[in-house]
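Structure first, commentary second.
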Amino acid sequence: MDRTNWNRSKMTLPAAPSQAPSLPRSVGLKPNSGFIATFRALWPYLWPAERADLKGRVVGAFALMLAGRLVLMGVPFTFKWITDALAGAHSSVENWLPWLVGAPLALTLLYGLARVGSSAFVQMRDAIFAPVFMHAVRTLALQTFGHLHYLSLRFHLERKTGGLTRVLERGRNGIEEMVRLGLNQLVPVIIEVALIIAVLLGLFDWRYVVVLVAMVVIYMTYTIKATEWRIAIRSAMNESDTDANSKAIDSLLNYETVKYFGAEARETARYDTAMALYERNSIKSYTSLAWLNFGQAAIFAVGLTLSMLMAVRGFQAGTNTVGDLILINSMLIQLYLPLNFMGTVYREIKQATLDIAQMFSLIGRDPEIQDKPGAEPLRVPAGRVVFEDVHFAYVPERPILRGVSFAVEPGRTVAIVGPSGAGKSTISRLLFRFYEPQKGRILIDGQPIADIQQVSLRAAIGMVPQDTVLFNDTIEYNIRYGRPEATMEEVEEAARLAQIDRFIRTLPEGYATSVGERGLKLSGGEKQRVAIARTILKGPPILVLDEATSALDSFTEKEIQDALDRVSEGRTTLVIAHRLSTVVNADEIIVLDKGVIVERGHHRDLLAADGVYAAMWNRQREVDEAKATLQRATEAEGESVRVKLAT
């Protein structure tokens, strides 16, 4: 089978879109946005327009929540009816359930049913609503993860990957926390307060409502202010705890150094200083918690006492029963339990709001490089690559390329060489359109790459980089990454052409062998061959070799170079080279220095010119000869040792 035709026949555009997936977006939400703004941004995910089933679940969950609170409100009422029945007093239950009059045992059973029923409604609500908020978590996580891949290279170079995954993780957890706390704590408390107000207005009078509302407002204001105060204290406590732990770990890791300088007492004193600060901050934290709990209890006790005083006055006046006193006490005590968690709820919702807003801020960030409206897919009938007067700088004050112009003809190989920092790798990044040149243009078969779809551009180019990083999966998965729909026979053929099939078959698990994180279970040469096989399977008409053998030893380099020569047959190939010995057969060698082409031509012509290329060639020969001499000396010394041991 002809390799060139085989590879070209597999050149298909991927089905992935050229821009980020079209999902609901909340562009412009800042990391410090408040609860209301964040919840409004989150709402389209909890109430998805295209999912009538999830909307039904939201309505059902709210109905169950309301029913649960109504049933829970029945608990203090049954307590009141039991008390009135035992006291022989007239109760409103006579008007609704006359058969229960004078039946305290039946009322007690009703009390138990109300408690069980309220719990059942809560559990049913959680079960019905779980698919809603988990769909929101999945959709937002998917959108954020997908969008991160569409952001430009500059963004990822400026951010820590671990930091991005933490934003993703905290955002997911934040959605769960906001929904869980809002559904289980905040909204039920609001509903319960509204129901209690209705009961107080219906059975008592407005004075009870004034006391209740004043108590709740003062209670919540105090809780929020005290929680804000405690957040600062806890932050200082956590920082001091981290500092103490880091000092302990640092000292123990440097155990020998501590011993060398007899610094045991000094290290202990240093650790004690950090622990003393942690002790002070911890005391402040516990003290502030005590003040928070005491203040909450005092505010609630005052409100409860005032309400009961009015009920006692009503009993003395003959307008209330003993059951009414019990009813007010039970309702407010029942309200106190969720109110007591409001400090925690406020703190957790505030953190969740921050985490979700940070996730939304990532989604709202536009890629630096975007397809133009109406951009067409790239067509590659031949594969001619042209750089026309390209100027580029990562930052304005430090230009990298200054007026670079060259062409790589179809099926030919052009090598870019030059000292470190000359701009060689920048050329490959511009060709892949990871960055846009400030001036000039790059064309493929006459089409400016700035006017075509990025996904089709990258589908037409194969890359074999210097530092091959593999996915923590099997060898088959990593080769198949070049074209996921390929058959197993095509995967094996690609591996054979990359000269790694024989090695794979010696492994116990063959193509199912795991390569480990970043491919660390394979040697440098083996990883490079996997990368070559991956590129062969992709079958691109244009190939970029970015210093693909510079990190390998001479023997492995020769084997990899042979495989690369086979891959590049019939393809337009651009070689970014560090080791000049790998490009002596290139159709043209371009020498870059400080962003400018200073020489170009064939290997022999450049050596004859005795310029920059010749100087680089001579320096590398000296280095290679020195390495060879050192290696021979090492081998000779080893042989001498073996002879002595044998004798």
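All residue names refer to the structure tokens as shown: chains lettered A, B, ... in order, residues numbered from 1 in each chain, ligands numbered from 1 in order.
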For A:Leu443: contacts at 12 Å, only C-alpha atoms, fewer than 6 positions along chain excluded, given as an MDAnalysis selection string = chainID A and resid 378:380 383:390 405:409 430:433 449:452 457
Extract, using only C-alpha atoms, all DNA, RNA and protein residues at most 12 Å from A:Pro44, discarding same-chain residues fewer than 2 positions from it, and format them as a list of chain:residue names.
-> A:Leu23, A:Pro24, A:Arg25, A:Ser26, A:Thr38, A:Phe39, A:Arg40, A:Ala41, A:Leu42, A:Leu46, A:Trp47, A:Pro48, A:Ala49, A:Glu50, A:Arg51, A:Leu54, A:Lys55, A:Val132, A:Phe133, A:His135, A:Ala136, A:Val137, A:Thr139, A:Leu140
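Separating atom CA of A:Ile233 from atom CA of A:Glu267 is a distance of 26.9 Å.
In this comparison, which uses only C-alpha atoms, the residue of A:Gly525, A:Ser568, A:Arg496, A:Gly510 approaching A:Gly411 most closely is A:Ser568.
With only C-alpha atoms taken into account, the protein and nucleic acid residues at most 10 Å from A:Asn281 (excluding it and anything under 4 positions from it in its own chain) are Ile233, Arg234, Ser235, Ala236, Met237, Asn238, Glu239, Ser240, Asp241, Met275, Ala276, Leu277, Ser285, Tyr286 and Thr287 of chain A.
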Write the residues you've just listed into a file as a PDB file, in the first residue's frame, and include C-alpha atoms for each of them.
```
ATOM      1  CA  ILE A 233     -10.818  35.485  62.600  1.00  0.00           C
ATOM      2  CA  ARG A 234     -11.057  31.978  61.131  1.00  0.00           C
ATOM      3  CA  SER A 235      -9.053  33.075  58.103  1.00  0.00           C
ATOM      4  CA  ALA A 236      -6.251  34.267  60.385  1.00  0.00           C
ATOM      5  CA  MET A 237      -6.479  31.017  62.376  1.00  0.00           C
ATOM      6  CA  ASN A 238      -6.229  28.903  59.208  1.00  0.00           C
ATOM      7  CA  GLU A 239      -3.249  30.914  57.961  1.00  0.00           C
ATOM      8  CA  SER A 240      -1.428  30.473  61.261  1.00  0.00           C
ATOM      9  CA  ASP A 241      -2.248  26.746  61.229  1.00  0.00           C
ATOM     10  CA  MET A 275       1.976  27.562  67.380  1.00  0.00           C
ATOM     11  CA  ALA A 276       1.616  30.480  69.811  1.00  0.00           C
ATOM     12  CA  LEU A 277       0.081  32.574  67.036  1.00  0.00           C
ATOM     13  CA  SER A 285     -12.211  31.851  67.093  1.00  0.00           C
ATOM     14  CA  TYR A 286     -13.754  29.904  69.974  1.00  0.00           C
ATOM     15  CA  THR A 287     -14.523  33.129  71.843  1.00  0.00           C
TER      16      THR A 287
END
```
Counting only C-alpha atoms, what is within 8 Å of stretch 537-546 of chain A, bar same-chain residues fewer than 2 positions away, as a PyMOL selection string?
-> chain A and resi 6-11+380+382-383+425+428+459-466+479-480+482-483+486+490-491+494+533-535+548+568+571-577
Could you dump the residues just selected with N, CA, C and O atoms as a short mmCIF file (atom, residue, chain, number, x, y, z; two decimals), in the first residue's frame?
```
data_model
loop_
_atom_site.label_atom_id
_atom_site.label_comp_id
_atom_site.auth_asym_id
_atom_site.auth_seq_id
_atom_site.Cartn_x
_atom_site.Cartn_y
_atom_site.Cartn_z
N TRP A 6 -2.38 6.32 1.43
CA TRP A 6 -3.07 5.79 2.61
C TRP A 6 -3.33 6.89 3.63
O TRP A 6 -4.42 7.05 4.15
N ASN A 7 -2.31 7.70 3.89
CA ASN A 7 -2.47 8.77 4.87
C ASN A 7 -3.41 9.85 4.38
O ASN A 7 -4.23 10.37 5.13
N ARG A 8 -3.30 10.25 3.11
CA ARG A 8 -4.18 11.29 2.58
C ARG A 8 -5.63 10.85 2.59
O ARG A 8 -6.54 11.64 2.79
N SER A 9 -5.85 9.57 2.33
CA SER A 9 -7.23 9.09 2.27
C SER A 9 -7.91 9.17 3.63
O SER A 9 -9.13 9.19 3.71
N LYS A 10 -7.11 9.24 4.69
CA LYS A 10 -7.70 9.31 6.02
C LYS A 10 -7.83 10.75 6.51
O LYS A 10 -8.20 11.00 7.63
N MET A 11 -7.49 11.73 5.65
CA MET A 11 -7.53 13.14 6.04
C MET A 11 -8.97 13.64 6.00
O MET A 11 -9.50 13.97 4.96
N VAL A 380 -7.08 21.69 1.28
CA VAL A 380 -5.65 21.43 1.10
C VAL A 380 -5.44 20.52 -0.10
O VAL A 380 -5.19 19.32 0.05
N ALA A 382 -2.89 20.76 -2.19
CA ALA A 382 -1.45 20.53 -2.40
C ALA A 382 -0.67 20.56 -1.09
O ALA A 382 0.13 19.68 -0.80
N GLY A 383 -0.89 21.59 -0.27
CA GLY A 383 -0.18 21.70 1.00
C GLY A 383 0.95 22.70 0.98
O GLY A 383 1.93 22.55 1.72
N SER A 425 10.37 28.03 17.51
CA SER A 425 9.11 27.41 17.94
C SER A 425 7.93 28.35 17.78
O SER A 425 6.78 27.89 17.62
N SER A 428 5.98 27.62 14.61
CA SER A 428 5.00 26.53 14.65
C SER A 428 3.74 26.96 15.38
O SER A 428 2.62 26.59 14.99
N ALA A 459 -6.69 20.26 11.79
CA ALA A 459 -6.89 18.91 11.25
C ALA A 459 -5.94 18.63 10.10
O ALA A 459 -5.62 17.47 9.82
N ALA A 460 -5.46 19.69 9.44
CA ALA A 460 -4.59 19.52 8.27
C ALA A 460 -3.12 19.47 8.63
O ALA A 460 -2.27 19.22 7.77
N ILE A 461 -2.78 19.71 9.91
CA ILE A 461 -1.38 19.77 10.32
C ILE A 461 -1.12 18.71 11.38
O ILE A 461 -1.88 18.56 12.33
N GLY A 462 -0.04 17.98 11.20
CA GLY A 462 0.39 17.02 12.20
C GLY A 462 1.61 17.55 12.94
O GLY A 462 2.49 18.16 12.33
N MET A 463 1.66 17.31 14.24
CA MET A 463 2.76 17.82 15.06
C MET A 463 3.44 16.68 15.80
O MET A 463 2.78 15.85 16.43
N VAL A 464 4.77 16.63 15.69
CA VAL A 464 5.57 15.75 16.54
C VAL A 464 6.46 16.66 17.36
O VAL A 464 7.44 17.21 16.86
N PRO A 465 6.12 16.89 18.65
CA PRO A 465 6.86 17.86 19.45
C PRO A 465 8.12 17.27 20.08
O PRO A 465 8.34 16.05 20.07
N GLN A 466 8.91 18.16 20.64
CA GLN A 466 10.13 17.73 21.34
C GLN A 466 9.76 16.99 22.62
O GLN A 466 10.28 15.92 22.91
N ILE A 479 -2.26 6.23 20.58
CA ILE A 479 -2.08 6.21 19.12
C ILE A 479 -3.38 6.58 18.43
O ILE A 479 -3.41 7.40 17.51
N ARG A 480 -4.47 6.01 18.91
CA ARG A 480 -5.78 6.25 18.30
C ARG A 480 -6.23 7.70 18.48
O ARG A 480 -7.16 8.15 17.79
N GLY A 482 -4.93 10.17 17.36
CA GLY A 482 -4.78 10.83 16.08
C GLY A 482 -6.02 10.75 15.22
O GLY A 482 -6.31 11.66 14.43
N ARG A 483 -6.76 9.65 15.35
CA ARG A 483 -8.03 9.49 14.61
C ARG A 483 -8.86 8.45 15.35
O ARG A 483 -8.72 7.25 15.12
N ALA A 486 -10.47 5.20 13.86
CA ALA A 486 -9.64 4.25 13.12
C ALA A 486 -9.87 2.82 13.61
O ALA A 486 -10.19 2.58 14.77
N GLU A 490 -5.61 -0.33 11.40
CA GLU A 490 -4.97 0.94 11.05
C GLU A 490 -4.07 1.44 12.17
O GLU A 490 -3.01 2.02 11.92
N VAL A 491 -4.49 1.21 13.41
CA VAL A 491 -3.64 1.58 14.56
C VAL A 491 -2.33 0.79 14.51
O VAL A 491 -1.23 1.34 14.69
N ALA A 494 -0.05 2.01 11.70
CA ALA A 494 0.62 3.27 12.07
C ALA A 494 1.78 2.99 13.01
O ALA A 494 2.86 3.59 12.89
N ALA A 533 3.46 7.60 15.59
CA ALA A 533 2.36 6.73 15.16
C ALA A 533 1.03 7.48 15.21
O ALA A 533 0.18 7.33 14.32
N ARG A 534 0.85 8.29 16.22
CA ARG A 534 -0.37 9.09 16.36
C ARG A 534 -0.52 10.03 15.17
O ARG A 534 -1.62 10.21 14.64
N THR A 535 0.58 10.65 14.77
CA THR A 535 0.55 11.58 13.64
C THR A 535 0.33 10.84 12.32
O THR A 535 -0.39 11.32 11.44
N ALA A 548 12.07 17.39 17.38
CA ALA A 548 11.51 16.11 17.78
C ALA A 548 12.54 15.13 18.32
O ALA A 548 12.17 14.12 18.92
N SER A 568 7.49 11.76 6.80
CA SER A 568 7.47 13.00 6.02
C SER A 568 7.44 12.77 4.51
O SER A 568 7.28 13.74 3.76
N ARG A 571 4.84 14.55 2.15
CA ARG A 571 4.15 15.59 2.91
C ARG A 571 4.95 16.89 2.88
O ARG A 571 6.18 16.88 2.83
N THR A 572 4.23 17.99 2.99
CA THR A 572 4.88 19.28 3.21
C THR A 572 5.36 19.29 4.65
O THR A 572 4.55 19.19 5.57
N THR A 573 6.66 19.41 4.84
CA THR A 573 7.22 19.23 6.18
C THR A 573 8.03 20.45 6.60
O THR A 573 8.91 20.92 5.86
N LEU A 574 7.71 20.94 7.80
CA LEU A 574 8.46 22.04 8.40
C LEU A 574 9.16 21.49 9.63
O LEU A 574 8.51 20.98 10.55
N VAL A 575 10.49 21.57 9.66
CA VAL A 575 11.28 21.01 10.75
C VAL A 575 11.87 22.14 11.57
O VAL A 575 12.60 22.99 11.04
N ILE A 576 11.54 22.17 12.86
CA ILE A 576 12.19 23.09 13.80
C ILE A 576 13.31 22.30 14.45
O ILE A 576 13.06 21.34 15.19
N ALA A 577 14.55 22.67 14.18
CA ALA A 577 15.66 21.79 14.55
C ALA A 577 16.62 22.46 15.52
O ALA A 577 16.91 23.66 15.42
#
```
Any idea what's packed within 12 Å of A:Gly295, counting only C-alpha atoms, ignoring anything in its chain fewer than 4 positions away? Could you give it as JSON, numbers by chain?
-> {"A": [215, 218, 219, 220, 221, 222, 223, 224, 225, 226, 227, 288, 289, 290, 291, 299, 300, 301, 302, 340, 343]}
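Atom pair atom CA of A:Val58 / atom CA of A:Leu337: separated by 25.7 Å.
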For the structure I just gave you, how does DSSP split stretch 435-497 of chain A - specifically, which residues are helix (DSSP H, G or I)? Reply as a PDB file with N, CA and C atoms, in the first residue's frame.
```
ATOM      1  N   ILE A 449      -4.679  31.800   6.807  1.00  0.00           N
ATOM      2  CA  ILE A 449      -5.208  30.980   7.901  1.00  0.00           C
ATOM      3  C   ILE A 449      -6.053  31.807   8.869  1.00  0.00           C
ATOM      4  N   ALA A 450      -5.922  33.136   8.847  1.00  0.00           N
ATOM      5  CA  ALA A 450      -6.750  33.984   9.703  1.00  0.00           C
ATOM      6  C   ALA A 450      -8.200  33.999   9.240  1.00  0.00           C
ATOM      7  N   ASP A 451      -8.467  33.543   8.005  1.00  0.00           N
ATOM      8  CA  ASP A 451      -9.827  33.601   7.442  1.00  0.00           C
ATOM      9  C   ASP A 451     -10.516  32.252   7.433  1.00  0.00           C
ATOM     10  N   GLN A 454     -10.470  27.337  12.555  1.00  0.00           N
ATOM     11  CA  GLN A 454      -9.307  26.807  13.257  1.00  0.00           C
ATOM     12  C   GLN A 454      -9.310  25.281  13.302  1.00  0.00           C
ATOM     13  N   VAL A 455     -10.489  24.698  13.485  1.00  0.00           N
ATOM     14  CA  VAL A 455     -10.544  23.241  13.616  1.00  0.00           C
ATOM     15  C   VAL A 455     -10.081  22.558  12.334  1.00  0.00           C
ATOM     16  N   SER A 456     -10.410  23.142  11.179  1.00  0.00           N
ATOM     17  CA  SER A 456      -9.975  22.549   9.913  1.00  0.00           C
ATOM     18  C   SER A 456      -8.488  22.792   9.684  1.00  0.00           C
ATOM     19  N   LEU A 457      -7.978  23.917  10.165  1.00  0.00           N
ATOM     20  CA  LEU A 457      -6.542  24.198  10.059  1.00  0.00           C
ATOM     21  C   LEU A 457      -5.742  23.147  10.824  1.00  0.00           C
ATOM     22  N   ARG A 458      -6.144  22.893  12.065  1.00  0.00           N
ATOM     23  CA  ARG A 458      -5.387  21.958  12.903  1.00  0.00           C
ATOM     24  C   ARG A 458      -5.591  20.517  12.474  1.00  0.00           C
ATOM     25  N   ALA A 459      -6.692  20.256  11.789  1.00  0.00           N
ATOM     26  CA  ALA A 459      -6.887  18.909  11.249  1.00  0.00           C
ATOM     27  C   ALA A 459      -5.939  18.630  10.102  1.00  0.00           C
ATOM     28  N   ILE A 475      -1.519   2.393  25.381  1.00  0.00           N
ATOM     29  CA  ILE A 475      -0.794   2.744  24.158  1.00  0.00           C
ATOM     30  C   ILE A 475      -1.766   2.883  23.000  1.00  0.00           C
ATOM     31  N   GLU A 476      -2.724   1.965  22.917  1.00  0.00           N
ATOM     32  CA  GLU A 476      -3.720   2.039  21.834  1.00  0.00           C
ATOM     33  C   GLU A 476      -4.472   3.365  21.880  1.00  0.00           C
ATOM     34  N   TYR A 477      -4.905   3.774  23.073  1.00  0.00           N
ATOM     35  CA  TYR A 477      -5.657   5.034  23.191  1.00  0.00           C
ATOM     36  C   TYR A 477      -4.813   6.206  22.707  1.00  0.00           C
ATOM     37  N   ASN A 478      -3.532   6.223  23.076  1.00  0.00           N
ATOM     38  CA  ASN A 478      -2.680   7.344  22.706  1.00  0.00           C
ATOM     39  C   ASN A 478      -2.392   7.387  21.208  1.00  0.00           C
ATOM     40  N   ILE A 479      -2.259   6.226  20.580  1.00  0.00           N
ATOM     41  CA  ILE A 479      -2.076   6.215  19.120  1.00  0.00           C
ATOM     42  C   ILE A 479      -3.381   6.581  18.429  1.00  0.00           C
ATOM     43  N   ARG A 480      -4.474   6.009  18.911  1.00  0.00           N
ATOM     44  CA  ARG A 480      -5.783   6.250  18.305  1.00  0.00           C
ATOM     45  C   ARG A 480      -6.230   7.703  18.475  1.00  0.00           C
ATOM     46  N   MET A 488      -8.557  -1.148  14.419  1.00  0.00           N
ATOM     47  CA  MET A 488      -7.386  -1.665  15.106  1.00  0.00           C
ATOM     48  C   MET A 488      -6.279  -1.978  14.110  1.00  0.00           C
ATOM     49  N   GLU A 489      -6.649  -2.426  12.920  1.00  0.00           N
ATOM     50  CA  GLU A 489      -5.647  -2.710  11.898  1.00  0.00           C
ATOM     51  C   GLU A 489      -4.900  -1.437  11.497  1.00  0.00           C
ATOM     52  N   GLU A 490      -5.610  -0.332  11.400  1.00  0.00           N
ATOM     53  CA  GLU A 490      -4.971   0.941  11.045  1.00  0.00           C
ATOM     54  C   GLU A 490      -4.069   1.438  12.171  1.00  0.00           C
ATOM     55  N   VAL A 491      -4.485   1.208  13.412  1.00  0.00           N
ATOM     56  CA  VAL A 491      -3.637   1.575  14.557  1.00  0.00           C
ATOM     57  C   VAL A 491      -2.333   0.792  14.508  1.00  0.00           C
ATOM     58  N   GLU A 492      -2.423  -0.502  14.258  1.00  0.00           N
ATOM     59  CA  GLU A 492      -1.225  -1.343  14.204  1.00  0.00           C
ATOM     60  C   GLU A 492      -0.336  -0.972  13.019  1.00  0.00           C
ATOM     61  N   GLU A 493      -0.940  -0.608  11.891  1.00  0.00           N
ATOM     62  CA  GLU A 493      -0.160  -0.197  10.728  1.00  0.00           C
ATOM     63  C   GLU A 493       0.599   1.097  11.015  1.00  0.00           C
ATOM     64  N   ALA A 494      -0.053   2.014  11.701  1.00  0.00           N
ATOM     65  CA  ALA A 494       0.619   3.266  12.070  1.00  0.00           C
ATOM     66  C   ALA A 494       1.781   2.989  13.013  1.00  0.00           C
ATOM     67  N   ALA A 495       1.577   2.093  13.970  1.00  0.00           N
ATOM     68  CA  ALA A 495       2.656   1.736  14.891  1.00  0.00           C
ATOM     69  C   ALA A 495       3.808   1.070  14.150  1.00  0.00           C
ATOM     70  N   ARG A 496       3.491   0.251  13.154  1.00  0.00           N
ATOM     71  CA  ARG A 496       4.546  -0.409  12.374  1.00  0.00           C
ATOM     72  C   ARG A 496       5.373   0.614  11.607  1.00  0.00           C
ATOM     73  N   LEU A 497       4.698   1.583  10.985  1.00  0.00           N
ATOM     74  CA  LEU A 497       5.416   2.616  10.241  1.00  0.00           C
ATOM     75  C   LEU A 497       6.262   3.491  11.174  1.00  0.00           C
TER      76      LEU A 497
END
```
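What separates atom CA of A:Gln528 from atom CA of A:Ala415 is a distance of 19.2 Å.
Restricting the calculation to only C-alpha atoms, the smallest distance between A:Leu200 and any of A:Ser307, A:Ser282, A:Gln296, A:Gln143 is found for A:Ser307.
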Pull the closest atom pair for each residue of stretch 176-257 of chain A that gets at most 12 Å from stretch 165-170 of chain A, along with the distance in Å to one decimal, counting only C-alpha atoms, ordering rows by chain and then ascending residue number, as JSON lines.
```
{"residue": "A:Glu176", "atom": "CA", "partner": "A:Arg170", "partner_atom": "CA", "distance": 9.9}
{"residue": "A:Glu177", "atom": "CA", "partner": "A:Arg170", "partner_atom": "CA", "distance": 10.1}
{"residue": "A:Met178", "atom": "CA", "partner": "A:Arg170", "partner_atom": "CA", "distance": 11.7}
```
